[in-house]
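Q: I am attaching a structure below and will ask some questions about it afterwards.
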Amino acid sequence: MTIEKCINEYDASEMIFEEGSTGRELFVVLDGKVDIVKNSGADRTVIVTLGKGEFFGEMAVIDGSARSASAVAAIAGTRVMRINHARFVYLVSQQPAFALMIMDALSKRLRASNAVNFRTAAP
């Protein structure tokens, strides 16, 4: 598969994937910005906005579970590259730095999530 087939371009507010959907791909932002969004009824909360070089969707590619949030293009011309499960496994096995980068990002996201949950649970 050529790399061009792995690249998609999105307009502003266009959905890349929806919370609760299944998927075995992670995405890398090539250009533009992507909002990671949690929906709660009619309310929509932007958790984080990611830019060039950042990635998202790694939890689903690792464990095959449903997406924990939605990903939406924040601006027109946002381009992302899809990395499927097989390519992900190859990269992790052949590039230890890639595996460490994924683990580092997951660790930071988990710590940030725990900090928010701790603050909201405090009296």
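Convention: chains lettered A, B, ... in structure tokens order; per-chain residue numbering from 1; ligands numbered from 1 as shown.
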DSSP on the backbone, strand (DSSP E) only: what residues of chain A does that give? Format it as a VMD selection string.
A: chain A and resid 7 to 10 15 to 17 25 to 31 34 to 40 43 to 50 55 to 56 70 to 73 78 to 84
Q: Would you list the contacts of region 24-34 of chain A as a list in words, taking every protein, DNA or RNA residue within 8 Å and counting only C-alpha atoms, but skipping same-chain residues closer than 6 positions in sequence?
A: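 Residues meeting the cut-off are Thr49, Leu50, Gly51, Lys52, Gly53, Glu54, Phe55, Phe56, Gly57, Glu58, Ala60, Val61, Ile62, Gly64, Ala71, Val72, Ala73, Ala74, Ile75, Ala76, Gly77, Thr78, Arg79, Val80, Met81, Arg82, Ile83, Asn84 and His85 of chain A.
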Q: Would you list, as a ChimeraX atom specification, the residues of region 55-102 of chain A that end up in alpha helix (DSSP H) under DSSP run on this structure's backbone?
A: /A:58-63,85-94,96-102
Q: With only C-alpha atoms as the counted atoms, please give the residues lying no more than 7 Å from Thr22 (chain A), apart from itself and same-chain residues fewer than 6 positions off, as a list of chain:residue names.
A: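 Once the nearby chain positions are removed, what remains is A:Ser65, A:Ala66, A:Arg67.
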Q: Keeping only N, CA and C atoms, write the selected residues to a file as a PDB file, in the first residue's frame.
A:
```pdb
ATOM      1  N   SER A  65     -10.316  -1.780  21.570  1.00  0.00           N
ATOM      2  CA  SER A  65     -11.549  -1.338  22.229  1.00  0.00           C
ATOM      3  C   SER A  65     -12.187  -0.177  21.467  1.00  0.00           C
ATOM      4  N   ALA A  66     -13.407   0.157  21.864  1.00  0.00           N
ATOM      5  CA  ALA A  66     -14.123   1.267  21.242  1.00  0.00           C
ATOM      6  C   ALA A  66     -13.390   2.580  21.510  1.00  0.00           C
ATOM      7  N   ARG A  67     -13.550   3.512  20.607  1.00  0.00           N
ATOM      8  CA  ARG A  67     -12.924   4.837  20.758  1.00  0.00           C
ATOM      9  C   ARG A  67     -13.472   5.523  22.005  1.00  0.00           C
TER      10      ARG A  67
END
```
Q: Would you mind reading off the distance between CA of Lys108 (chain A) and CA of Ile47 (chain A), one decimal, in Å?
A: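 It comes out at 13.7 Å.
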Q: What is the CA of Asp35 (chain A)-CA of Phe17 (chain A) distance in Å, reported with one decimal?
A: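 CA of Phe17 (chain A) lies 11.0 Å from CA of Asp35 (chain A).
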Q: Go through A:Ala69, A:Leu106, A:Leu100, A:Ala12 one by one, measure the shortest atom-to-atom distance of each to Val37 (chain A) using only C-alpha atoms, and give the residue with the smallest value.
A: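 The closest residue to Val37 (chain A) is A:Ala69.
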Q: Quick one, how far is CA of Met15 (chain A) from CA of Ala86 (chain A)?
A: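 Between CA of Met15 (chain A) and CA of Ala86 (chain A) the gap is 23.8 Å.
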